[in-house]
file data.pdb (PDB, C-alpha atoms)
MODEL        1
ATOM      1  CA  MET A   1     -54.520 -85.309 113.541
ATOM      2  CA  ALA A   2     -56.107 -88.492 112.209
ATOM      3  CA  PRO A   3     -53.883 -91.535 111.956
ATOM      4  CA  GLY A   4     -52.942 -92.319 108.405
ATOM      5  CA  HIS A   5     -51.189 -94.886 106.296
ATOM      6  CA  GLY A   6     -48.391 -92.958 104.608
ATOM      7  CA  ASP A   7     -45.694 -94.112 102.244
ATOM      8  CA  ASP A   8     -42.481 -95.710 103.386
ATOM      9  CA  ASP A   9     -40.509 -92.450 103.172
ATOM     10  CA  GLY A  10     -43.080 -90.588 105.274
ATOM     11  CA  HIS A  11     -44.111 -88.256 102.432
ATOM     12  CA  PHE A  12     -47.367 -88.218 100.537
ATOM     13  CA  HIS A  13     -47.298 -89.122  96.854
ATOM     14  CA  PRO A  14     -50.132 -88.148  94.493
ATOM     15  CA  LYS A  15     -52.587 -90.914  93.654
ATOM     16  CA  ASP A  16     -53.979 -91.871  90.262
ATOM     17  CA  ALA A  17     -57.655 -91.099  90.839
ATOM     18  CA  LEU A  18     -58.793 -92.033  87.320
ATOM     19  CA  GLY A  19     -56.892 -95.297  87.313
ATOM     20  CA  GLU A  20     -58.288 -96.239  90.700
ATOM     21  CA  ALA A  21     -61.803 -95.349  89.512
ATOM     22  CA  VAL A  22     -61.472 -97.622  86.494
ATOM     23  CA  LYS A  23     -60.175-100.523  88.586
ATOM     24  CA  ALA A  24     -62.867-100.109  91.236
ATOM     25  CA  ALA A  25     -65.615 -99.794  88.621
ATOM     26  CA  ALA A  26     -64.383-102.942  86.870
ATOM     27  CA  PHE A  27     -64.304-104.871  90.138
ATOM     28  CA  THR A  28     -67.739-103.812  91.376
ATOM     29  CA  GLY A  29     -69.170-104.027  87.861
ATOM     30  CA  GLY A  30     -68.011-107.630  87.727
ATOM     31  CA  ALA A  31     -69.711-108.236  91.051
ATOM     32  CA  GLY A  32     -72.879-106.688  89.628
ATOM     33  CA  LEU A  33     -72.643-108.914  86.555
ATOM     34  CA  PHE A  34     -72.316-111.955  88.809
ATOM     35  CA  ALA A  35     -75.365-110.881  90.822
ATOM     36  CA  ALA A  36     -77.354-110.240  87.634
ATOM     37  CA  ALA A  37     -76.396-113.676  86.294
ATOM     38  CA  ILE A  38     -77.629-115.345  89.471
ATOM     39  CA  GLN A  39     -80.825-113.325  89.354
ATOM     40  CA  ASN A  40     -81.324-114.283  85.716
ATOM     41  CA  ALA A  41     -80.695-117.974  86.396
ATOM     42  CA  MET A  42     -83.258-118.095  89.197
ATOM     43  CA  THR A  43     -86.132-116.785  87.073
ATOM     44  CA  ARG A  44     -88.718-119.301  85.866
ATOM     45  CA  GLN A  45     -88.956-117.834  82.392
ATOM     46  CA  LYS A  46     -86.766-119.108  79.586
ATOM     47  CA  LEU A  47     -84.349-116.304  78.863
ATOM     48  CA  GLY A  48     -81.323-116.077  76.628
ATOM     49  CA  ALA A  49     -77.794-115.302  77.666
ATOM     50  CA  TRP A  50     -78.119-111.644  76.652
ATOM     51  CA  SER A  51     -80.943-111.185  79.122
ATOM     52  CA  VAL A  52     -78.269-110.850  81.793
ATOM     53  CA  PHE A  53     -77.448-107.477  80.256
ATOM     54  CA  THR A  54     -80.940-106.474  79.124
ATOM     55  CA  ARG A  55     -82.636-107.320  82.423
ATOM     56  CA  GLY A  56     -79.674-106.778  84.754
ATOM     57  CA  GLY A  57     -78.069-103.825  83.026
ATOM     58  CA  ARG A  58     -79.338-101.422  85.648
ATOM     59  CA  LEU A  59     -77.917-103.550  88.444
ATOM     60  CA  ILE A  60     -74.554-103.906  86.721
ATOM     61  CA  GLY A  61     -74.406-100.185  86.017
ATOM     62  CA  SER A  62     -75.318 -99.322  89.583
ATOM     63  CA  PHE A  63     -72.560-101.546  90.978
ATOM     64  CA  GLY A  64     -69.994-100.183  88.538
ATOM     65  CA  ALA A  65     -70.958 -96.548  89.136
ATOM     66  CA  ALA A  66     -70.817 -96.968  92.907
ATOM     67  CA  GLY A  67     -67.378 -98.560  92.743
ATOM     68  CA  GLY A  68     -66.075 -95.946  90.324
ATOM     69  CA  ALA A  69     -67.369 -93.119  92.484
ATOM     70  CA  TYR A  70     -65.710 -94.621  95.547
ATOM     71  CA  GLY A  71     -62.361 -95.173  93.861
ATOM     72  CA  PHE A  72     -62.207 -91.724  92.267
ATOM     73  CA  THR A  73     -63.386 -89.634  95.214
ATOM     74  CA  ARG A  74     -61.218 -91.576  97.669
ATOM     75  CA  GLN A  75     -58.027 -90.872  95.733
ATOM     76  CA  ALA A  76     -59.098 -87.342  94.803
ATOM     77  CA  ALA A  77     -59.681 -86.539  98.459
ATOM     78  CA  ALA A  78     -56.257 -87.943  99.310
ATOM     79  CA  ASN A  79     -54.636 -85.746  96.648
ATOM     80  CA  LEU A  80     -56.453 -82.625  97.823
ATOM     81  CA  ARG A  81     -55.735 -83.231 101.516
ATOM     82  CA  GLU A  82     -52.261 -84.709 100.869
ATOM     83  CA  VAL A  83     -52.981 -87.304 103.553
ATOM     84  CA  ASP A  84     -53.802 -90.974 103.093
ATOM     85  CA  ASP A  85     -56.098 -91.856 105.994
ATOM     86  CA  TYR A  86     -59.559 -93.186 106.763
ATOM     87  CA  TYR A  87     -61.234 -89.829 106.091
ATOM     88  CA  ASN A  88     -60.623 -90.409 102.394
ATOM     89  CA  ASP A  89     -62.440 -93.741 102.582
ATOM     90  CA  ALA A  90     -65.340 -92.086 104.380
ATOM     91  CA  ILE A  91     -65.570 -89.431 101.667
ATOM     92  CA  GLY A  92     -65.422 -92.070  98.937
ATOM     93  CA  GLY A  93     -67.999 -94.141 100.771
ATOM     94  CA  PHE A  94     -70.380 -91.176 100.961
ATOM     95  CA  PHE A  95     -70.284 -90.567  97.214
ATOM     96  CA  SER A  96     -70.567 -94.285  96.526
ATOM     97  CA  GLY A  97     -73.647 -94.571  98.720
ATOM     98  CA  ALA A  98     -75.101 -91.426  97.195
ATOM     99  CA  VAL A  99     -74.821 -92.997  93.728
ATOM    100  CA  VAL A 100     -76.731 -96.030  94.986
ATOM    101  CA  GLY A 101     -79.341 -93.789  96.601
ATOM    102  CA  LEU A 102     -79.879 -91.800  93.390
ATOM    103  CA  GLN A 103     -81.943 -94.674  92.023
ATOM    104  CA  THR A 104     -84.645 -93.913  94.584
ATOM    105  CA  LYS A 105     -84.856 -90.272  93.407
ATOM    106  CA  ARG A 106     -85.307 -89.141  96.988
ATOM    107  CA  ILE A 107     -82.867 -86.759  98.643
ATOM    108  CA  PRO A 108     -83.275 -88.220 102.177
ATOM    109  CA  ARG A 109     -82.388 -91.680 100.892
ATOM    110  CA  VAL A 110     -79.455 -90.323  98.915
ATOM    111  CA  LEU A 111     -78.085 -88.722 102.063
ATOM    112  CA  GLY A 112     -78.935 -91.780 104.145
ATOM    113  CA  TYR A 113     -77.167 -94.232 101.822
ATOM    114  CA  GLY A 114     -74.208 -91.872 101.581
ATOM    115  CA  THR A 115     -73.894 -91.590 105.348
ATOM    116  CA  LEU A 116     -74.232 -95.349 105.811
ATOM    117  CA  PHE A 117     -71.531 -96.133 103.267
ATOM    118  CA  ALA A 118     -69.292 -93.379 104.642
ATOM    119  CA  VAL A 119     -69.455 -94.786 108.172
ATOM    120  CA  ALA A 120     -68.930 -98.359 106.967
ATOM    121  CA  MET A 121     -65.893 -97.608 104.793
ATOM    122  CA  GLY A 122     -64.385 -95.220 107.329
ATOM    123  CA  VAL A 123     -64.668 -97.776 110.135
ATOM    124  CA  LEU A 124     -63.191-100.531 107.962
ATOM    125  CA  GLU A 125     -60.207 -98.390 107.046
ATOM    126  CA  TYR A 126     -59.723 -97.131 110.600
ATOM    127  CA  SER A 127     -59.728-100.701 111.935
ATOM    128  CA  GLY A 128     -57.088-101.727 109.382
ATOM    129  CA  PHE A 129     -59.271-103.718 106.988
ATOM    130  CA  GLY A 130     -59.791-101.197 104.225
ATOM    131  CA  ASN A 131     -59.191-101.685 100.504
ATOM    132  CA  MET A 132     -61.582-104.619 100.102
ATOM    133  CA  GLY A 133     -60.623-106.502 103.221
ATOM    134  CA  LYS A 134     -56.847-106.387 102.956
ATOM    135  CA  ALA A 135     -55.505-106.086 106.478
ATOM    136  CA  LYS A 136     -52.817-103.448 106.848
ATOM    137  CA  ALA A 137     -49.747-103.455 108.983
ATOM    138  CA  THR A 138     -49.894-101.490 112.190
ATOM    139  CA  ASP A 139     -46.532 -99.955 111.330
ATOM    140  CA  PRO A 140     -46.702 -97.855 108.132
ATOM    141  CA  ALA A 141     -43.018 -98.547 107.441
ATOM    142  CA  MET A 142     -43.528-102.327 107.526
ATOM    143  CA  ASP A 143     -43.508-103.934 104.095
ATOM    144  CA  GLU A 144     -45.771-106.780 102.938
ATOM    145  CA  TYR A 145     -43.235-109.555 103.618
ATOM    146  CA  ASP A 146     -42.633-108.428 107.209
ATOM    147  CA  ARG A 147     -46.378-108.066 107.775
ATOM    148  CA  LYS A 148     -47.085-111.630 106.618
ATOM    149  CA  THR A 149     -44.173-112.967 108.666
ATOM    150  CA  GLN A 150     -45.563-111.247 111.757
ATOM    151  CA  LEU A 151     -49.021-112.718 111.124
ATOM    152  CA  ARG A 152     -47.580-116.231 110.764
ATOM    153  CA  MET A 153     -45.610-115.874 113.983
ATOM    154  CA  ASN A 154     -48.703-114.685 115.854
ATOM    155  CA  ARG A 155     -50.765-117.647 114.651
ATOM    156  CA  ARG A 156     -48.101-120.355 115.019
ATOM    157  CA  ARG A 157     -48.827-122.787 117.840
ATOM    158  CA  PRO A 158     -46.032-124.222 119.994
ATOM    159  CA  ILE A 159     -45.089-127.827 119.177
ATOM    160  CA  GLU A 160     -45.683-128.838 122.784
ATOM    161  CA  GLU A 161     -49.288-127.667 122.596
ATOM    162  CA  THR A 162     -49.866-129.534 119.343
ATOM    163  CA  LEU A 163     -48.364-132.772 120.689
ATOM    164  CA  ALA A 164     -50.412-132.529 123.863
ATOM    165  CA  GLU A 165     -53.551-132.306 121.753
ATOM    166  CA  ILE A 166     -52.945-135.018 119.136
ATOM    167  CA  GLY A 167     -50.388-137.201 120.954
ATOM    168  CA  GLU A 168     -47.273-138.961 119.708
ATOM    169  CA  GLY A 169     -46.949-141.958 117.424
ATOM    170  CA  ARG A 170     -48.630-142.651 114.072
ATOM    171  CA  GLY A 171     -45.660-141.139 112.261
ATOM    172  CA  ILE A 172     -45.290-138.233 114.697
ATOM    173  CA  ARG A 173     -41.920-138.644 116.379
ATOM    174  CA  PRO A 174     -40.677-135.515 118.141
ATOM    175  CA  PRO A 175     -37.251-135.395 119.824
ATOM    176  CA  GLY A 176     -36.983-137.927 122.649
ATOM    177  CA  TYR A 177     -39.850-140.044 121.323
ATOM    178  CA  GLU A 178     -37.907-143.350 121.295
ATOM    179  CA  GLU A 179     -36.752-142.879 124.877
ATOM    180  CA  ARG A 180     -40.276-142.151 126.106
ATOM    181  CA  ARG A 181     -41.656-145.103 124.126
ATOM    182  CA  ARG A 182     -39.091-147.458 125.621
ATOM    183  CA  GLN A 183     -39.912-146.200 129.102
ATOM    184  CA  ARG A 184     -43.656-146.723 128.555
ATOM    185  CA  LEU A 185     -43.141-150.279 127.266
ATOM    186  CA  LYS A 186     -40.928-151.116 130.221
ATOM    187  CA  GLU A 187     -43.461-149.777 132.732
ATOM    188  CA  LYS A 188     -46.444-151.460 131.092
ATOM    189  CA  TYR A 189     -45.049-154.819 129.943
ATOM    190  CA  GLY A 190     -41.801-155.086 131.860
ATOM    191  CA  ILE A 191     -39.667-155.576 128.764
ATOM    192  CA  GLU A 192     -36.552-153.734 127.706
ATOM    193  CA  VAL A 193     -36.586-152.424 124.135
ATOM    194  CA  LYS A 194     -33.278-151.468 122.598
ATOM    195  CA  THR A 195     -33.174-148.340 120.525
ATOM    196  CA  GLU A 196     -32.127-149.050 116.943
ATOM    197  CA  SER A 197     -29.122-147.146 115.739
ATOM    198  CA  ALA A 198     -28.913-145.617 112.275
ATOM    199  CA  ASP A 199     -25.141-146.310 112.171
ATOM    200  CA  PRO A 200     -24.503-149.685 110.390
ATOM    201  CA  ASN A 201     -21.128-149.984 112.173
ATOM    202  CA  ASP A 202     -22.761-149.697 115.567
ATOM    203  CA  ASN A 203     -23.172-153.282 116.885
ATOM    204  CA  CYS A 204     -24.443-152.233 120.301
TER
ENDMDL
END

call {"tool": "encode", "arguments": {"input": "data.pdb", "output": "structure tokens"}}
result
Amino acid sequence: MAPGHGDDDGHFHPKDALGEAVKAAAFTGGAGLFAAAIQNAMTRQKLGAWSVFTRGGRLIGSFGAAGGAYGFTRQAAANLREVDDYYNDAIGGFFSGAVVGLQTKRIPRVLGYGTLFAVAMGVLEYSGFGNMGKAKATDPAMDEYDRKTQLRMNRRRPIEETLAEIGEGRGIRPPGYEERRRQRLKEKYGIEVKTESADPNDNC
């Protein structure tokens, strides 16, 4: 059985395929609008602001349709199979790529784009970076706070390693700094430096 990312209680819950399609279409449509705006700005002809839609409408529509197809078929496949795993992303990726390939009006390219997108989205989800690059926890029962805490702990460097790299001084005073500084001054210059006490009643 393929590994999946289930809910916290271990049971599958139906997904909102239409809602996911609308959100995905809005996201990818916005990306298409951004690409059309860049394409419109780089042309040498003097064009108005509406030319982004008149000249780039096909690009915007293609982006939005591909995203909507991915979002809908991904969640629909999950509802039909009652499993939330990377196969759903592969199915959504196939339909998304097929929508992009429809512009060529050639069946081999439709199938080729669909297969390419299916492999790409399936691999991303299987590796834990599905859903637009959001890394998932290796443990399905782990919530978002625990996942981020685990990531911070994995990336945190020991203080000894940091001090060995940048050195002490210049406002960086780890525990035992004054004692080591006094020892260095004594060895280098032969003078004894008294450590200042924070206690005003301490006259030593």

call {"tool": "atom_distance", "arguments": {"input": "data.pdb", "atom1": "atom CA of Tyr87 of chain A", "atom2": "atom CA of Ser62 of chain A"}}
result
23.7 Å

call {"tool": "closest_residue", "arguments": {"input": "data.pdb", "among": "A:Glu82, A:Asp89, A:Glu178, A:Glu192", "to": "Gly122 of chain A", "atoms": "only C-alpha atoms"}}
result
A:Asp89

call {"tool": "resolve_selection", "arguments": {"input": "data.pdb", "expression": "the PyMOL selection byres ((chain A and resi 111) around 12)", "output": "PDB file with C-alpha atoms, keeping the file's coordinate frame"}}
result
ATOM      1  CA  GLY A  93     -67.999 -94.141 100.771  1.00  0.00           C
ATOM      2  CA  PHE A  94     -70.380 -91.176 100.961  1.00  0.00           C
ATOM      3  CA  PHE A  95     -70.284 -90.567  97.214  1.00  0.00           C
ATOM      4  CA  SER A  96     -70.567 -94.285  96.526  1.00  0.00           C
ATOM      5  CA  GLY A  97     -73.647 -94.571  98.720  1.00  0.00           C
ATOM      6  CA  ALA A  98     -75.101 -91.426  97.195  1.00  0.00           C
ATOM      7  CA  VAL A  99     -74.821 -92.997  93.728  1.00  0.00           C
ATOM      8  CA  VAL A 100     -76.731 -96.030  94.986  1.00  0.00           C
ATOM      9  CA  GLY A 101     -79.341 -93.789  96.601  1.00  0.00           C
ATOM     10  CA  LEU A 102     -79.879 -91.800  93.390  1.00  0.00           C
ATOM     11  CA  THR A 104     -84.645 -93.913  94.584  1.00  0.00           C
ATOM     12  CA  LYS A 105     -84.856 -90.272  93.407  1.00  0.00           C
ATOM     13  CA  ARG A 106     -85.307 -89.141  96.988  1.00  0.00           C
ATOM     14  CA  ILE A 107     -82.867 -86.759  98.643  1.00  0.00           C
ATOM     15  CA  PRO A 108     -83.275 -88.220 102.177  1.00  0.00           C
ATOM     16  CA  ARG A 109     -82.388 -91.680 100.892  1.00  0.00           C
ATOM     17  CA  VAL A 110     -79.455 -90.323  98.915  1.00  0.00           C
ATOM     18  CA  GLY A 112     -78.935 -91.780 104.145  1.00  0.00           C
ATOM     19  CA  TYR A 113     -77.167 -94.232 101.822  1.00  0.00           C
ATOM     20  CA  GLY A 114     -74.208 -91.872 101.581  1.00  0.00           C
ATOM     21  CA  THR A 115     -73.894 -91.590 105.348  1.00  0.00           C
ATOM     22  CA  LEU A 116     -74.232 -95.349 105.811  1.00  0.00           C
ATOM     23  CA  PHE A 117     -71.531 -96.133 103.267  1.00  0.00           C
ATOM     24  CA  ALA A 118     -69.292 -93.379 104.642  1.00  0.00           C
TER      25      ALA A 118
END

call {"tool": "atom_distance", "arguments": {"input": "data.pdb", "atom1": "atom CA of Thr73 of chain A", "atom2": "atom CA of Gly92 of chain A"}}
result
4.9 Å

call {"tool": "closest_residue", "arguments": {"input": "data.pdb", "among": "A:Val52, A:Ala69, A:Ala41, A:Leu59", "to": "Val22 of chain A", "atoms": "all atoms listed in the file"}}
result
A:Ala69

call {"tool": "residues_around", "arguments": {"input": "data.pdb", "residues": "Val123 of chain A", "least_positions_apart": "3", "cutoff": "12 Å", "atoms": "all atoms listed in the file", "output": "list in words"}}
result
Asp85, Tyr86, Tyr87, Asn88, Asp89, Ala90, Ile91, Gly93, Leu116, Phe117, Ala118, Val119, Ala120, Tyr126, Ser127, Gly128, Phe129, Gly130, Asn131 and Gly133 of chain A

call {"tool": "atom_distance", "arguments": {"input": "data.pdb", "atom1": "atom CA of Ala77 of chain A", "atom2": "atom CA of Gly29 of chain A"}}
result
22.5 Å

call {"tool": "residues_around", "arguments": {"input": "data.pdb", "residues": "Gly64 of chain A", "least_positions_apart": "2", "cutoff": "7 Å", "atoms": "only C-alpha atoms", "output": "short mmCIF file (atom, residue, chain, number, x, y, z; two decimals) with C-alpha atoms, in the frame of the given file"}}
result
data_model
loop_
_atom_site.label_atom_id
_atom_site.label_comp_id
_atom_site.auth_asym_id
_atom_site.auth_seq_id
_atom_site.Cartn_x
_atom_site.Cartn_y
_atom_site.Cartn_z
CA ALA A 25 -65.61 -99.79 88.62
CA ALA A 26 -64.38 -102.94 86.87
CA THR A 28 -67.74 -103.81 91.38
CA GLY A 29 -69.17 -104.03 87.86
CA ILE A 60 -74.55 -103.91 86.72
CA GLY A 61 -74.41 -100.18 86.02
CA SER A 62 -75.32 -99.32 89.58
CA ALA A 66 -70.82 -96.97 92.91
CA GLY A 67 -67.38 -98.56 92.74
CA GLY A 68 -66.08 -95.95 90.32
#

call {"tool": "resolve_selection", "arguments": {"input": "data.pdb", "expression": "the PyMOL selection byres ((chain A and resi 182) around 9)", "output": "NGL selection string"}}
result
:A and (177-181 or 183-187 or 191-195)

call {"tool": "axis_aligned_box", "arguments": {"input": "data.pdb", "around": "segment 70-75 of chain A", "padding_each_side": "5 Å", "output": "JSON"}}
result
{"center_x": -61.9, "center_y": -92.4, "center_z": 95.0, "size_x": 17.7, "size_y": 15.5, "size_z": 15.4}

call {"tool": "closest_residue", "arguments": {"input": "data.pdb", "among": "A:His11, A:Ala37, A:Gln103, A:Ala24", "to": "Trp50 of chain A", "atoms": "all atoms listed in the file"}}
result
A:Ala37

call {"tool": "closest_residue", "arguments": {"input": "data.pdb", "among": "A:Pro175, A:Gly32, A:Asn40, A:Glu125", "to": "Asp84 of chain A", "atoms": "only C-alpha atoms"}}
result
A:Glu125

call {"tool": "residues_around", "arguments": {"input": "data.pdb", "residues": "Ser51 of chain A", "least_positions_apart": "5", "cutoff": "12 Å", "atoms": "all atoms listed in the file", "output": "ChimeraX atom specification"}}
result
/A:33,36-41,43,45-46,56-58

call {"tool": "resolve_selection", "arguments": {"input": "data.pdb", "expression": "the PyMOL selection byres ((chain A and resi 14) around 6)", "output": "list in words"}}
result
His13, Lys15 and Asn79 of chain A

call {"tool": "closest_residue", "arguments": {"input": "data.pdb", "among": "A:Phe12, A:Arg55, A:Gly19, A:Gly71", "to": "Val83 of chain A", "atoms": "all atoms listed in the file"}}
result
A:Phe12

call {"tool": "closest_residue", "arguments": {"input": "data.pdb", "among": "A:Arg44, A:Ala35, A:Tyr189, A:Phe72", "to": "Lys23 of chain A", "atoms": "all atoms listed in the file"}}
result
A:Phe72

call {"tool": "build_atoms", "arguments": {"input": "data.pdb", "residues": "segment 32-48 of chain A", "atoms": "N, CA and C atoms", "output": "PDB file, in the frame of the given file"}}
result
ATOM      1  N   GLY A  32     -71.505-106.910  90.075  1.00  0.00           N
ATOM      2  CA  GLY A  32     -72.879-106.688  89.628  1.00  0.00           C
ATOM      3  C   GLY A  32     -73.283-107.643  88.529  1.00  0.00           C
ATOM      4  N   LEU A  33     -72.364-107.939  87.613  1.00  0.00           N
ATOM      5  CA  LEU A  33     -72.643-108.914  86.555  1.00  0.00           C
ATOM      6  C   LEU A  33     -72.899-110.301  87.140  1.00  0.00           C
ATOM      7  N   PHE A  34     -72.118-110.665  88.143  1.00  0.00           N
ATOM      8  CA  PHE A  34     -72.316-111.955  88.809  1.00  0.00           C
ATOM      9  C   PHE A  34     -73.686-112.013  89.481  1.00  0.00           C
ATOM     10  N   ALA A  35     -74.062-110.923  90.164  1.00  0.00           N
ATOM     11  CA  ALA A  35     -75.365-110.881  90.822  1.00  0.00           C
ATOM     12  C   ALA A  35     -76.498-110.926  89.810  1.00  0.00           C
ATOM     13  N   ALA A  36     -76.326-110.223  88.668  1.00  0.00           N
ATOM     14  CA  ALA A  36     -77.354-110.240  87.634  1.00  0.00           C
ATOM     15  C   ALA A  36     -77.484-111.623  87.008  1.00  0.00           C
ATOM     16  N   ALA A  37     -76.347-112.326  86.854  1.00  0.00           N
ATOM     17  CA  ALA A  37     -76.396-113.676  86.294  1.00  0.00           C
ATOM     18  C   ALA A  37     -77.138-114.625  87.225  1.00  0.00           C
ATOM     19  N   ILE A  38     -76.904-114.506  88.510  1.00  0.00           N
ATOM     20  CA  ILE A  38     -77.629-115.345  89.471  1.00  0.00           C
ATOM     21  C   ILE A  38     -79.114-115.021  89.445  1.00  0.00           C
ATOM     22  N   GLN A  39     -79.425-113.744  89.406  1.00  0.00           N
ATOM     23  CA  GLN A  39     -80.825-113.325  89.354  1.00  0.00           C
ATOM     24  C   GLN A  39     -81.499-113.825  88.086  1.00  0.00           C
ATOM     25  N   ASN A  40     -80.775-113.813  86.989  1.00  0.00           N
ATOM     26  CA  ASN A  40     -81.324-114.283  85.716  1.00  0.00           C
ATOM     27  C   ASN A  40     -81.516-115.790  85.706  1.00  0.00           C
ATOM     28  N   ALA A  41     -80.599-116.513  86.384  1.00  0.00           N
ATOM     29  CA  ALA A  41     -80.695-117.974  86.396  1.00  0.00           C
ATOM     30  C   ALA A  41     -81.831-118.467  87.288  1.00  0.00           C
ATOM     31  N   MET A  42     -82.224-117.668  88.260  1.00  0.00           N
ATOM     32  CA  MET A  42     -83.258-118.095  89.197  1.00  0.00           C
ATOM     33  C   MET A  42     -84.674-117.790  88.711  1.00  0.00           C
ATOM     34  N   THR A  43     -84.802-117.074  87.589  1.00  0.00           N
ATOM     35  CA  THR A  43     -86.132-116.785  87.073  1.00  0.00           C
ATOM     36  C   THR A  43     -86.732-118.026  86.423  1.00  0.00           C
ATOM     37  N   ARG A  44     -88.041-118.128  86.422  1.00  0.00           N
ATOM     38  CA  ARG A  44     -88.718-119.301  85.866  1.00  0.00           C
ATOM     39  C   ARG A  44     -88.918-119.192  84.357  1.00  0.00           C
ATOM     40  N   GLN A  45     -88.794-118.016  83.828  1.00  0.00           N
ATOM     41  CA  GLN A  45     -88.956-117.834  82.392  1.00  0.00           C
ATOM     42  C   GLN A  45     -87.703-118.278  81.649  1.00  0.00           C
ATOM     43  N   LYS A  46     -87.883-118.701  80.412  1.00  0.00           N
ATOM     44  CA  LYS A  46     -86.766-119.108  79.586  1.00  0.00           C
ATOM     45  C   LYS A  46     -86.181-117.869  78.925  1.00  0.00           C
ATOM     46  N   LEU A  47     -85.001-117.513  79.347  1.00  0.00           N
ATOM     47  CA  LEU A  47     -84.349-116.304  78.863  1.00  0.00           C
ATOM     48  C   LEU A  47     -83.009-116.659  78.237  1.00  0.00           C
ATOM     49  N   GLY A  48     -82.606-115.854  77.270  1.00  0.00           N
ATOM     50  CA  GLY A  48     -81.323-116.077  76.628  1.00  0.00           C
ATOM     51  C   GLY A  48     -80.181-115.526  77.458  1.00  0.00           C
TER      52      GLY A  48
END
